[in-house]
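Visitor: For reference, this is query_10.pdb, and it has PDB, C-alpha atoms.
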MODEL        1
ATOM      1  CA  MET T   1     -12.241 146.641  57.181
ATOM      2  CA  LYS T   2      -9.040 148.645  57.030
ATOM      3  CA  ILE T   3      -5.982 146.516  57.815
ATOM      4  CA  VAL T   4      -2.614 148.070  58.654
ATOM      5  CA  ILE T   5       0.576 145.988  58.723
ATOM      6  CA  LEU T   6       3.162 147.789  60.840
ATOM      7  CA  ASP T   7       6.349 145.769  60.304
ATOM      8  CA  ARG T   8       6.058 143.785  57.089
ATOM      9  CA  ALA T   9       9.863 143.466  56.816
ATOM     10  CA  THR T  10      10.000 141.209  59.879
ATOM     11  CA  LEU T  11       8.106 138.491  57.992
ATOM     12  CA  GLY T  12      10.677 138.356  55.196
ATOM     13  CA  PHE T  13      10.138 139.511  51.641
ATOM     14  CA  ASP T  14      10.329 135.929  50.397
ATOM     15  CA  MET T  15       6.917 135.442  52.020
ATOM     16  CA  ASP T  16       3.642 136.041  50.171
ATOM     17  CA  VAL T  17       1.256 138.080  52.338
ATOM     18  CA  SER T  18      -1.381 138.632  49.661
ATOM     19  CA  ILE T  19      -3.784 136.477  51.698
ATOM     20  CA  PHE T  20      -4.518 139.616  53.749
ATOM     21  CA  ASN T  21      -5.703 141.514  50.664
ATOM     22  CA  GLY T  22      -8.800 139.316  50.540
ATOM     23  CA  LEU T  23      -9.708 140.226  54.107
ATOM     24  CA  GLY T  24      -9.832 144.015  53.835
ATOM     25  CA  ASP T  25      -8.158 147.139  52.496
ATOM     26  CA  VAL T  26      -4.482 146.675  53.344
ATOM     27  CA  ILE T  27      -1.885 149.348  53.995
ATOM     28  CA  SER T  28       1.538 147.834  54.582
ATOM     29  CA  TYR T  29       4.602 149.447  56.135
ATOM     30  CA  ASP T  30       7.970 147.687  56.065
ATOM     31  CA  THR T  31       8.944 149.228  59.407
ATOM     32  CA  THR T  32       7.276 151.577  61.873
ATOM     33  CA  SER T  33       9.030 153.690  64.485
ATOM     34  CA  SER T  34       7.447 154.431  67.855
ATOM     35  CA  SER T  35       6.786 158.013  66.786
ATOM     36  CA  GLU T  36       4.875 156.823  63.696
ATOM     37  CA  THR T  37       2.691 154.131  65.244
ATOM     38  CA  LYS T  38      -0.171 156.213  66.640
ATOM     39  CA  ASN T  39      -0.842 158.024  63.390
ATOM     40  CA  ARG T  40      -0.634 154.848  61.307
ATOM     41  CA  VAL T  41      -3.087 152.828  63.425
ATOM     42  CA  LYS T  42      -5.560 155.641  64.182
ATOM     43  CA  ASN T  43      -8.053 154.743  61.440
ATOM     44  CA  ALA T  44      -7.315 151.030  61.239
ATOM     45  CA  ASP T  45      -9.868 148.386  62.149
ATOM     46  CA  ILE T  46      -7.241 145.652  62.290
ATOM     47  CA  VAL T  47      -3.574 146.138  63.171
ATOM     48  CA  ILE T  48      -1.018 143.466  62.300
ATOM     49  CA  THR T  49       2.189 143.753  64.322
ATOM     50  CA  ASN T  50       5.158 141.588  65.089
ATOM     51  CA  LYS T  51       7.294 143.663  67.441
ATOM     52  CA  VAL T  52       5.944 147.211  67.053
ATOM     53  CA  VAL T  53       4.483 148.310  70.383
ATOM     54  CA  VAL T  54       0.736 148.953  70.389
ATOM     55  CA  GLY T  55       0.116 150.413  73.818
ATOM     56  CA  SER T  56      -2.712 152.361  75.411
ATOM     57  CA  GLU T  57      -1.514 155.596  73.829
ATOM     58  CA  GLU T  58      -1.626 154.044  70.359
ATOM     59  CA  MET T  59      -5.051 152.457  70.879
ATOM     60  CA  GLU T  60      -6.622 155.502  72.527
ATOM     61  CA  ASN T  61      -9.045 157.422  70.253
ATOM     62  CA  SER T  62      -8.493 154.919  67.443
ATOM     63  CA  SER T  63     -10.794 152.678  65.402
ATOM     64  CA  ILE T  64      -8.884 149.522  66.328
ATOM     65  CA  LYS T  65     -11.035 146.443  66.857
ATOM     66  CA  LEU T  66      -8.370 143.732  66.566
ATOM     67  CA  VAL T  67      -4.620 143.576  67.107
ATOM     68  CA  ALA T  68      -3.251 140.517  65.296
ATOM     69  CA  ILE T  69       0.243 139.653  66.530
ATOM     70  CA  THR T  70       2.507 137.758  64.139
ATOM     71  CA  ALA T  71       4.263 136.064  67.053
ATOM     72  CA  THR T  72       3.563 134.122  70.234
ATOM     73  CA  GLY T  73       4.643 136.814  72.685
ATOM     74  CA  THR T  74       2.090 139.500  73.550
ATOM     75  CA  ASN T  75       4.259 141.847  75.610
ATOM     76  CA  ASN T  76       4.249 144.516  72.863
ATOM     77  CA  VAL T  77       0.494 145.090  73.322
ATOM     78  CA  ASP T  78      -1.218 146.645  76.350
ATOM     79  CA  LEU T  79      -3.548 143.719  77.021
ATOM     80  CA  GLU T  80      -5.269 145.335  79.992
ATOM     81  CA  TYR T  81      -6.178 148.460  78.034
ATOM     82  CA  ALA T  82      -7.331 146.370  75.077
ATOM     83  CA  LYS T  83      -9.610 144.258  77.266
ATOM     84  CA  LYS T  84     -11.148 147.302  78.950
ATOM     85  CA  ASN T  85     -11.881 148.830  75.564
ATOM     86  CA  ASN T  86     -13.212 145.704  73.839
ATOM     87  CA  ILE T  87     -10.238 145.440  71.499
ATOM     88  CA  GLU T  88      -9.440 141.839  70.693
ATOM     89  CA  VAL T  89      -5.823 140.665  70.718
ATOM     90  CA  LYS T  90      -4.854 137.449  68.964
ATOM     91  CA  ASN T  91      -1.425 135.860  68.805
ATOM     92  CA  VAL T  92      -0.131 132.659  67.204
ATOM     93  CA  ALA T  93       1.561 129.685  68.862
ATOM     94  CA  GLY T  94       3.136 126.400  67.876
ATOM     95  CA  TYR T  95       4.173 127.479  64.391
ATOM     96  CA  SER T  96       7.936 127.537  65.014
ATOM     97  CA  SER T  97       8.651 124.504  67.214
ATOM     98  CA  SER T  98      10.466 122.557  64.499
ATOM     99  CA  SER T  99      12.351 125.618  63.299
ATOM    100  CA  VAL T 100      13.639 126.570  66.757
ATOM    101  CA  SER T 101      14.615 122.982  67.544
ATOM    102  CA  GLN T 102      16.521 122.697  64.274
ATOM    103  CA  VAL T 103      18.462 125.918  64.884
ATOM    104  CA  ALA T 104      19.264 124.706  68.403
ATOM    105  CA  PHE T 105      20.726 121.496  67.032
ATOM    106  CA  GLY T 106      22.613 123.463  64.394
ATOM    107  CA  MET T 107      24.320 125.288  67.266
ATOM    108  CA  ILE T 108      24.969 122.045  69.127
ATOM    109  CA  PHE T 109      26.623 120.444  66.106
ATOM    110  CA  HIS T 110      28.675 123.582  65.515
ATOM    111  CA  PHE T 111      30.313 123.055  68.894
ATOM    112  CA  VAL T 112      30.287 119.259  69.036
ATOM    113  CA  GLN T 113      31.423 118.355  65.542
ATOM    114  CA  LYS T 114      34.105 121.043  64.988
ATOM    115  CA  LEU T 115      33.233 121.215  61.291
ATOM    116  CA  ASN T 116      34.587 124.756  60.928
ATOM    117  CA  TYR T 117      38.020 123.560  62.025
ATOM    118  CA  TYR T 118      38.050 120.561  59.676
ATOM    119  CA  LYS T 119      36.676 122.551  56.736
ATOM    120  CA  ASN T 120      39.414 125.146  57.215
ATOM    121  CA  TYR T 121      42.027 122.387  57.530
ATOM    122  CA  VAL T 122      41.128 121.161  54.037
ATOM    123  CA  ASN T 123      40.556 124.633  52.520
ATOM    124  CA  GLU T 124      44.003 125.726  53.676
ATOM    125  CA  GLY T 125      45.616 122.856  51.763
ATOM    126  CA  ASN T 126      46.684 120.777  54.735
ATOM    127  CA  TRP T 127      45.017 117.432  53.961
ATOM    128  CA  GLN T 128      46.929 116.844  50.748
ATOM    129  CA  LYS T 129      50.174 117.336  52.668
ATOM    130  CA  SER T 130      49.266 114.745  55.293
ATOM    131  CA  GLU T 131      51.235 111.517  55.639
ATOM    132  CA  ILE T 132      48.161 109.629  56.875
ATOM    133  CA  PHE T 133      44.618 109.327  55.537
ATOM    134  CA  THR T 134      42.947 111.184  58.412
ATOM    135  CA  HIS T 135      43.356 114.202  60.668
ATOM    136  CA  ILE T 136      41.709 114.128  64.085
ATOM    137  CA  ASP T 137      43.619 116.742  66.051
ATOM    138  CA  LYS T 138      40.404 118.486  67.137
ATOM    139  CA  PRO T 139      38.507 115.886  69.195
ATOM    140  CA  PHE T 140      34.725 115.665  68.887
ATOM    141  CA  PHE T 141      32.213 113.535  70.734
ATOM    142  CA  GLU T 142      28.935 111.710  70.218
ATOM    143  CA  LEU T 143      25.626 112.868  71.649
ATOM    144  CA  ASP T 144      24.688 109.377  72.820
ATOM    145  CA  ASN T 145      24.099 109.249  76.589
ATOM    146  CA  LYS T 146      24.840 112.941  77.081
ATOM    147  CA  ARG T 147      22.528 114.655  79.549
ATOM    148  CA  VAL T 148      20.428 117.397  77.966
ATOM    149  CA  GLY T 149      18.660 119.818  80.300
ATOM    150  CA  VAL T 150      15.673 121.722  78.927
ATOM    151  CA  ILE T 151      14.530 124.864  80.713
ATOM    152  CA  GLY T 152      10.862 125.307  79.841
ATOM    153  CA  LEU T 153       9.024 122.282  78.443
ATOM    154  CA  GLY T 154       6.266 123.954  76.438
ATOM    155  CA  ASP T 155       5.627 123.284  72.732
ATOM    156  CA  ILE T 156       9.117 124.296  71.646
ATOM    157  CA  GLY T 157      10.920 122.771  74.614
ATOM    158  CA  SER T 158       9.065 119.490  74.076
ATOM    159  CA  SER T 159       9.929 119.503  70.374
ATOM    160  CA  PHE T 160      13.602 120.021  71.218
ATOM    161  CA  ALA T 161      13.502 117.347  73.946
ATOM    162  CA  LYS T 162      12.064 114.729  71.562
ATOM    163  CA  ARG T 163      14.834 115.413  69.053
ATOM    164  CA  ALA T 164      17.437 115.102  71.802
ATOM    165  CA  LYS T 165      15.905 111.783  72.807
ATOM    166  CA  ALA T 166      16.187 110.605  69.188
ATOM    167  CA  PHE T 167      19.957 111.131  69.501
ATOM    168  CA  ASP T 168      19.904 108.815  72.534
ATOM    169  CA  CYS T 169      20.444 111.657  74.973
ATOM    170  CA  GLU T 170      19.198 111.546  78.543
ATOM    171  CA  VAL T 171      16.701 114.399  78.767
ATOM    172  CA  VAL T 172      15.740 116.209  81.972
ATOM    173  CA  TYR T 173      13.802 119.438  82.354
ATOM    174  CA  TYR T 174      13.105 122.283  84.738
ATOM    175  CA  SER T 175       9.625 123.794  84.828
ATOM    176  CA  THR T 176       9.882 127.559  85.313
ATOM    177  CA  SER T 177       6.208 127.796  86.212
ATOM    178  CA  GLY T 178       6.355 124.790  88.527
ATOM    179  CA  ARG T 179       3.173 123.465  86.921
ATOM    180  CA  ASN T 180       4.554 121.275  84.145
ATOM    181  CA  ASN T 181       4.611 117.546  84.843
ATOM    182  CA  ASN T 182       5.701 115.531  81.836
ATOM    183  CA  SER T 183       5.718 111.761  82.236
ATOM    184  CA  GLU T 184       8.118 111.231  79.316
ATOM    185  CA  PHE T 185      11.021 113.181  80.821
ATOM    186  CA  LYS T 186      12.441 113.545  84.318
ATOM    187  CA  ARG T 187      11.751 116.837  86.071
ATOM    188  CA  VAL T 188      14.600 118.260  88.182
ATOM    189  CA  GLU T 189      15.365 121.469  90.035
ATOM    190  CA  LEU T 190      17.348 124.173  88.240
ATOM    191  CA  ASP T 191      20.501 123.692  90.335
ATOM    192  CA  GLU T 192      20.689 119.997  89.472
ATOM    193  CA  LEU T 193      20.017 120.660  85.795
ATOM    194  CA  LEU T 194      22.829 123.208  85.556
ATOM    195  CA  LYS T 195      25.357 121.118  87.484
ATOM    196  CA  THR T 196      24.770 117.816  85.693
ATOM    197  CA  SER T 197      23.827 118.620  82.088
ATOM    198  CA  ASP T 198      26.222 118.453  79.147
ATOM    199  CA  ILE T 199      23.855 120.565  77.058
ATOM    200  CA  ILE T 200      21.383 123.125  78.424
ATOM    201  CA  SER T 201      18.720 124.711  76.233
ATOM    202  CA  VAL T 202      16.437 127.574  77.281
ATOM    203  CA  HIS T 203      12.902 127.597  75.834
ATOM    204  CA  CYS T 204      10.832 129.387  78.483
ATOM    205  CA  PRO T 205       9.007 132.732  78.300
ATOM    206  CA  LEU T 206      10.396 135.909  79.844
ATOM    207  CA  ASN T 207       8.443 136.973  82.923
ATOM    208  CA  GLU T 208       9.009 137.976  86.547
ATOM    209  CA  GLN T 209      10.007 134.426  87.450
ATOM    210  CA  THR T 210      12.493 133.977  84.609
ATOM    211  CA  LYS T 211      14.166 137.415  84.414
ATOM    212  CA  ASP T 212      17.902 136.794  85.047
ATOM    213  CA  LEU T 213      17.050 133.170  85.830
ATOM    214  CA  LEU T 214      20.591 132.246  84.826
ATOM    215  CA  ASN T 215      23.248 134.378  86.488
ATOM    216  CA  TYR T 216      26.928 134.291  87.312
ATOM    217  CA  SER T 217      26.441 132.286  90.483
ATOM    218  CA  ASN T 218      24.359 129.417  89.113
ATOM    219  CA  MET T 219      25.960 129.315  85.636
ATOM    220  CA  ASN T 220      29.341 128.972  87.307
ATOM    221  CA  THR T 221      28.244 125.519  88.514
ATOM    222  CA  MET T 222      27.956 124.239  84.941
ATOM    223  CA  LYS T 223      30.302 121.457  83.857
ATOM    224  CA  ASP T 224      33.476 122.387  82.018
ATOM    225  CA  GLY T 225      32.810 121.972  78.309
ATOM    226  CA  ALA T 226      29.027 122.301  78.702
ATOM    227  CA  ILE T 227      26.966 123.868  75.920
ATOM    228  CA  LEU T 228      24.388 126.517  76.844
ATOM    229  CA  LEU T 229      21.726 127.642  74.360
ATOM    230  CA  ASN T 230      19.148 130.410  74.605
ATOM    231  CA  LEU T 231      16.437 130.362  71.961
ATOM    232  CA  GLY T 232      13.780 131.591  74.374
ATOM    233  CA  ARG T 233      13.962 135.277  75.194
ATOM    234  CA  GLY T 234      16.722 137.747  75.952
ATOM    235  CA  GLY T 235      16.757 138.640  79.633
ATOM    236  CA  ILE T 236      16.444 135.059  80.865
ATOM    237  CA  ILE T 237      20.244 134.871  80.930
ATOM    238  CA  ASN T 238      22.046 137.818  82.477
ATOM    239  CA  GLU T 239      24.220 138.994  79.585
ATOM    240  CA  ASP T 240      26.876 140.734  81.690
ATOM    241  CA  ASP T 241      27.320 137.582  83.768
ATOM    242  CA  LEU T 242      27.400 135.295  80.742
ATOM    243  CA  SER T 243      29.964 137.367  78.849
ATOM    244  CA  ARG T 244      32.192 137.374  81.920
ATOM    245  CA  LEU T 245      31.822 133.631  82.401
ATOM    246  CA  ILE T 246      32.632 132.753  78.784
ATOM    247  CA  ASP T 247      36.056 134.327  79.292
ATOM    248  CA  GLU T 248      36.611 132.677  82.681
ATOM    249  CA  LYS T 249      35.285 129.155  82.191
ATOM    250  CA  GLU T 250      35.201 126.664  79.334
ATOM    251  CA  ILE T 251      31.546 126.815  78.368
ATOM    252  CA  TYR T 252      30.138 127.103  74.861
ATOM    253  CA  CYS T 253      27.108 129.252  74.141
ATOM    254  CA  GLY T 254      24.613 129.541  71.303
ATOM    255  CA  ILE T 255      22.578 132.720  71.785
ATOM    256  CA  ASP T 256      19.754 133.646  69.386
ATOM    257  CA  VAL T 257      18.005 136.273  71.527
ATOM    258  CA  VAL T 258      19.252 139.243  73.541
ATOM    259  CA  ASN T 259      17.784 141.858  75.886
ATOM    260  CA  LYS T 260      17.482 144.603  73.287
ATOM    261  CA  GLU T 261      16.971 143.685  69.638
ATOM    262  CA  PRO T 262      18.545 144.469  67.285
ATOM    263  CA  ILE T 263      21.629 144.001  69.443
ATOM    264  CA  GLU T 264      23.220 147.207  70.721
ATOM    265  CA  GLU T 265      26.868 148.076  70.185
ATOM    266  CA  SER T 266      27.291 148.143  73.961
ATOM    267  CA  ASN T 267      26.064 144.569  74.470
ATOM    268  CA  PRO T 268      28.751 142.732  76.486
ATOM    269  CA  LEU T 269      28.343 139.590  74.383
ATOM    270  CA  LEU T 270      29.924 141.443  71.459
ATOM    271  CA  LYS T 271      33.027 142.009  73.551
ATOM    272  CA  VAL T 272      33.883 138.496  74.739
ATOM    273  CA  LYS T 273      37.496 137.508  74.095
ATOM    274  CA  ASN T 274      36.877 133.785  73.585
ATOM    275  CA  LYS T 275      34.750 134.257  70.469
ATOM    276  CA  ASP T 276      35.167 130.607  69.489
ATOM    277  CA  ARG T 277      33.023 129.751  72.510
ATOM    278  CA  LEU T 278      30.091 131.896  71.396
ATOM    279  CA  VAL T 279      27.703 131.697  68.460
ATOM    280  CA  LEU T 280      25.460 134.762  68.242
ATOM    281  CA  THR T 281      22.614 134.674  65.716
ATOM    282  CA  PRO T 282      20.130 137.494  64.980
ATOM    283  CA  HIS T 283      16.905 135.955  66.365
ATOM    284  CA  ILE T 284      16.481 133.447  63.531
ATOM    285  CA  GLY T 285      15.169 130.448  65.489
ATOM    286  CA  TRP T 286      11.525 131.066  64.628
ATOM    287  CA  ALA T 287      12.053 131.862  60.975
ATOM    288  CA  SER T 288      12.318 128.824  58.714
ATOM    289  CA  ILE T 289      10.377 129.187  55.465
ATOM    290  CA  GLU T 290       7.879 126.591  56.656
ATOM    291  CA  ALA T 291       7.421 128.294  60.050
ATOM    292  CA  ARG T 292       6.813 131.718  58.525
ATOM    293  CA  THR T 293       4.367 130.222  56.007
ATOM    294  CA  ARG T 294       2.446 128.606  58.857
ATOM    295  CA  LEU T 295       2.546 131.858  60.831
ATOM    296  CA  ILE T 296       1.001 133.935  58.035
ATOM    297  CA  LYS T 297      -1.787 131.400  57.540
ATOM    298  CA  MET T 298      -2.482 131.338  61.278
ATOM    299  CA  VAL T 299      -2.645 135.145  61.477
ATOM    300  CA  ALA T 300      -5.028 135.188  58.506
ATOM    301  CA  ASN T 301      -7.189 132.545  60.216
ATOM    302  CA  ASN T 302      -7.256 134.675  63.374
ATOM    303  CA  ILE T 303      -8.548 137.607  61.329
ATOM    304  CA  ILE T 304     -11.115 135.440  59.523
ATOM    305  CA  GLU T 305     -12.338 134.084  62.872
ATOM    306  CA  PHE T 306     -12.676 137.639  64.177
ATOM    307  CA  LEU T 307     -14.563 138.808  61.070
ATOM    308  CA  ASN T 308     -16.941 135.845  61.182
ATOM    309  CA  LYS T 309     -17.707 136.562  64.831
ATOM    310  CA  LYS T 310     -18.456 140.190  63.965
ATOM    311  CA  ARG T 311     -20.862 139.086  61.232
ATOM    312  CA  ASP T 312     -22.669 136.785  63.659
TER     313      ASP T 312
ENDMDL
END
Using structure tokens, write down the structure from this file.
Guide:
Amino acid sequence: MKIVILDRATLGFDMDVSIFNGLGDVISYDTTSSSETKNRVKNADIVITNKVVVGSEEMENSSIKLVAITATGTNNVDLEYAKKNNIEVKNVAGYSSSSVSQVAFGMIFHFVQKLNYYKNYVNEGNWQKSEIFTHIDKPFFELDNKRVGVIGLGDIGSSFAKRAKAFDCEVVYYSTSGRNNNSEFKRVELDELLKTSDIISVHCPLNEQTKDLLNYSNMNTMKDGAILLNLGRGGIINEDDLSRLIDEKEIYCGIDVVNKEPIEESNPLLKVKNKDRLVLTPHIGWASIEARTRLIKMVANNIIEFLNKKRD
């Protein structure tokens, strides 16, 4: 079997991917542009892709038998064409729940604990000049009894919710599909969640129901001082509306995903004036060392499962 890896760089070069060498003849590309994809996959039996698009044009007149996605999302593969042409598509899920939850709480503590301010206070030589033992001019608060609203209570949302509960937060959730009923946490409508939550964290997929789910009108109902996080997908929060709101209202935002990645120079979030209210990270939520190690093993297992089925 000929295996082609299209975007090796997205897995991180600190990761060992030699496991794939035992499964076939591997050709690995660090990155692949849209104009290069068709030629690179033409003679491949198995294509490994993270974000490189493998559409009908790329699969047409090729030898592809399996597309192994190194992610949970499958929107970069034409699933309908693959099914019609007996090309299997396998993704991975559940590998990054702890990683995403941890990054989310890193963002929360950034805003809640004001550590940047206090670190700078000491680094700038102010503490040794103080007449008292402490300096508490930048108030911070405890998470106990704060209401945390989770939008999307799948694997990752549930992982985040359990960690919030461990901090004695009151956790509520909104089901974007309308099908999730979790007995551990209270389910509420989106309007109530936005109006009453101190912290709001987005962990739902991007689809027709969730595109621009959060917009200027409903985000404007959020409490002053509320923290809004998006570690789901870009497009769930309208970026023009959010950037406008950050400069009009005291809300604090941790955003790990945007509409177009890598972020474009024209993205309105890069132009907000109140930059202290915004933490932008380059889609790192999924990417702890442990999560990426699990991911690679899961992709390899998907390929092994496919090969065993072929042998049978």
Visitor: I would like the residues chosen by the PyMOL selection byres ((chain T and resi 94) around 9) on the shown file; could you give them as JSON, numbers by chain?
Guide: {"T": [72, 92, 93, 95, 96, 97, 98, 155, 156, 295]}
Visitor: Interatomic distance between atom CA of Asn220 of chain T and atom CA of Asp247 of chain T?
Guide: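 If I compute the distance from atom CA of Asn220 of chain T to atom CA of Asp247 of chain T, I get 11.7 Å.
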Visitor: Within 7 Å of Val112 of chain T, counting only C-alpha atoms, which residues show up once you throw out same-chain ones fewer than 2 positions away? Write them as an NGL selection string, please.
Guide: :T and (108-110 or 114 or 140-141)
Visitor: Go ahead and save the picked residues with C-alpha atoms, as a PDB file, in the frame of the given file.
Guide:
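Writing the result to again22.pdb gives the following:
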ATOM      1  CA  ILE T 108      24.969 122.045  69.127  1.00  0.00           C
ATOM      2  CA  PHE T 109      26.623 120.444  66.106  1.00  0.00           C
ATOM      3  CA  HIS T 110      28.675 123.582  65.515  1.00  0.00           C
ATOM      4  CA  LYS T 114      34.105 121.043  64.988  1.00  0.00           C
ATOM      5  CA  PHE T 140      34.725 115.665  68.887  1.00  0.00           C
ATOM      6  CA  PHE T 141      32.213 113.535  70.734  1.00  0.00           C
TER       7      PHE T 141
END
Visitor: Find the spatial neighbours of Val17 of chain T, counting only C-alpha atoms, within a cut-off of 12 Å - ignore same-chain residues fewer than 5 positions away - and output them as a list in words.
Guide: Ile5, Arg8, Ala9, Thr10, Leu11, Gly12, Gly22, Leu23, Val26, Ile27, Ser28, Ile48, Thr70, Arg292, Thr293, Arg294, Leu295, Ile296, Lys297, Met298, Val299 and Ala300 of chain T
Visitor: Evaluate the PyMOL selection byres ((chain T and resi 214-219) around 8) here and jot the selected residues down as a PyMOL selection string.
Guide: chain T and resi 191+194+212-213+220-222+236-238+241-242+245
Visitor: The selected residues should be written to file as a compact mmCIF listing (two decimals), in the frame of the given file (atoms: C-alpha atoms).
Guide:
# COMPACT_ATOMS: atom_id res chain seq x y z
CA ASP T 191 20.50 123.69 90.34
CA LEU T 194 22.83 123.21 85.56
CA ASP T 212 17.90 136.79 85.05
CA LEU T 213 17.05 133.17 85.83
CA ASN T 220 29.34 128.97 87.31
CA THR T 221 28.24 125.52 88.51
CA MET T 222 27.96 124.24 84.94
CA ILE T 236 16.44 135.06 80.86
CA ILE T 237 20.24 134.87 80.93
CA ASN T 238 22.05 137.82 82.48
CA ASP T 241 27.32 137.58 83.77
CA LEU T 242 27.40 135.29 80.74
CA LEU T 245 31.82 133.63 82.40
Visitor: List the residues matched by the PyMOL selection byres ((chain T and resi 279) around 6) in the displayed structure as JSON, numbers by chain, ordered by chain and then by residue number.
Guide: {"T": [254, 278, 280]}
Visitor: Provide the atom CA of Leu79 of chain T to atom CA of Ser63 of chain T distance in Å, to one decimal place.
Guide: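 According to the coordinates, atom CA of Leu79 of chain T and atom CA of Ser63 of chain T are separated by 16.4 Å.
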Visitor: Work out how far atom CA of Pro205 of chain T is from atom CA of Ile303 of chain T, in Å to one decimal.
Guide: 24.9 Å
Visitor: Please return as a list in words every residue within 12 Å of (-9.4, 148.2, 74.3), taking into account all atoms listed in the file and the file's own coordinates.
Guide: Val54, Gly55, Ser56, Glu57, Glu58, Met59, Glu60, Asn61, Ser62, Ser63, Ile64, Lys65, Leu66, Val67, Val77, Asp78, Leu79, Glu80, Tyr81, Ala82, Lys83, Lys84, Asn85, Asn86, Ile87, Glu88 and Val89 of chain T
Visitor: Go through T:Asp256, T:Glu36, T:Glu131, T:Glu142 and flag the residue nearest Val52 of chain T, using only C-alpha atoms for the distances.
Guide: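 Closest to Val52 of chain T, using only C-alpha atoms: T:Glu36.
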Visitor: Go through T:Val258, T:Val150, T:Ser243, T:Leu270 one by one, measure the shortest atom-to-atom distance of each to His283 of chain T using all atoms listed in the file, and give the residue with the smallest value.
Guide: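 Using all atoms listed in the file, His283 of chain T sits closest to T:Val258.
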Visitor: Between T:Ile132, T:Val257, T:Ala226, T:Ala291, which one has atoms that come closest to Val148 of chain T, using all atoms listed in the file?
Guide: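 Selected residue with least distance to Val148 of chain T: T:Ala226.
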Visitor: With 9 Å as the threshold, what does the neighbourhood of (0.5, 154.7, 59.8) contain in terms of residues, counting all atoms listed in the file? Coordinates are those of the file; answer as a list in words.
Guide: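 Selection result: Val4, Ile5, Leu6, Ile27, Ser28, Tyr29, Thr32, Glu36, Thr37, Lys38, Asn39, Arg40, Val41, Lys42, Asn43 and Ala44 of chain T.
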Visitor: Kindly indicate which residue among T:Ile199, T:Cys204, T:Val188, T:Ile289 lies nearest to Leu153 of chain T, using only C-alpha atoms for the distances.
Guide: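 Using only C-alpha atoms, the shortest distance to Leu153 of chain T belongs to T:Cys204.
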Visitor: Residues near Asn259 of chain T, anyone? I mean within 8 Å using all atoms listed in the file, not counting same-chain ones fewer than 5 positions away, as a PyMOL selection string.
Guide: chain T and resi 233-235+239
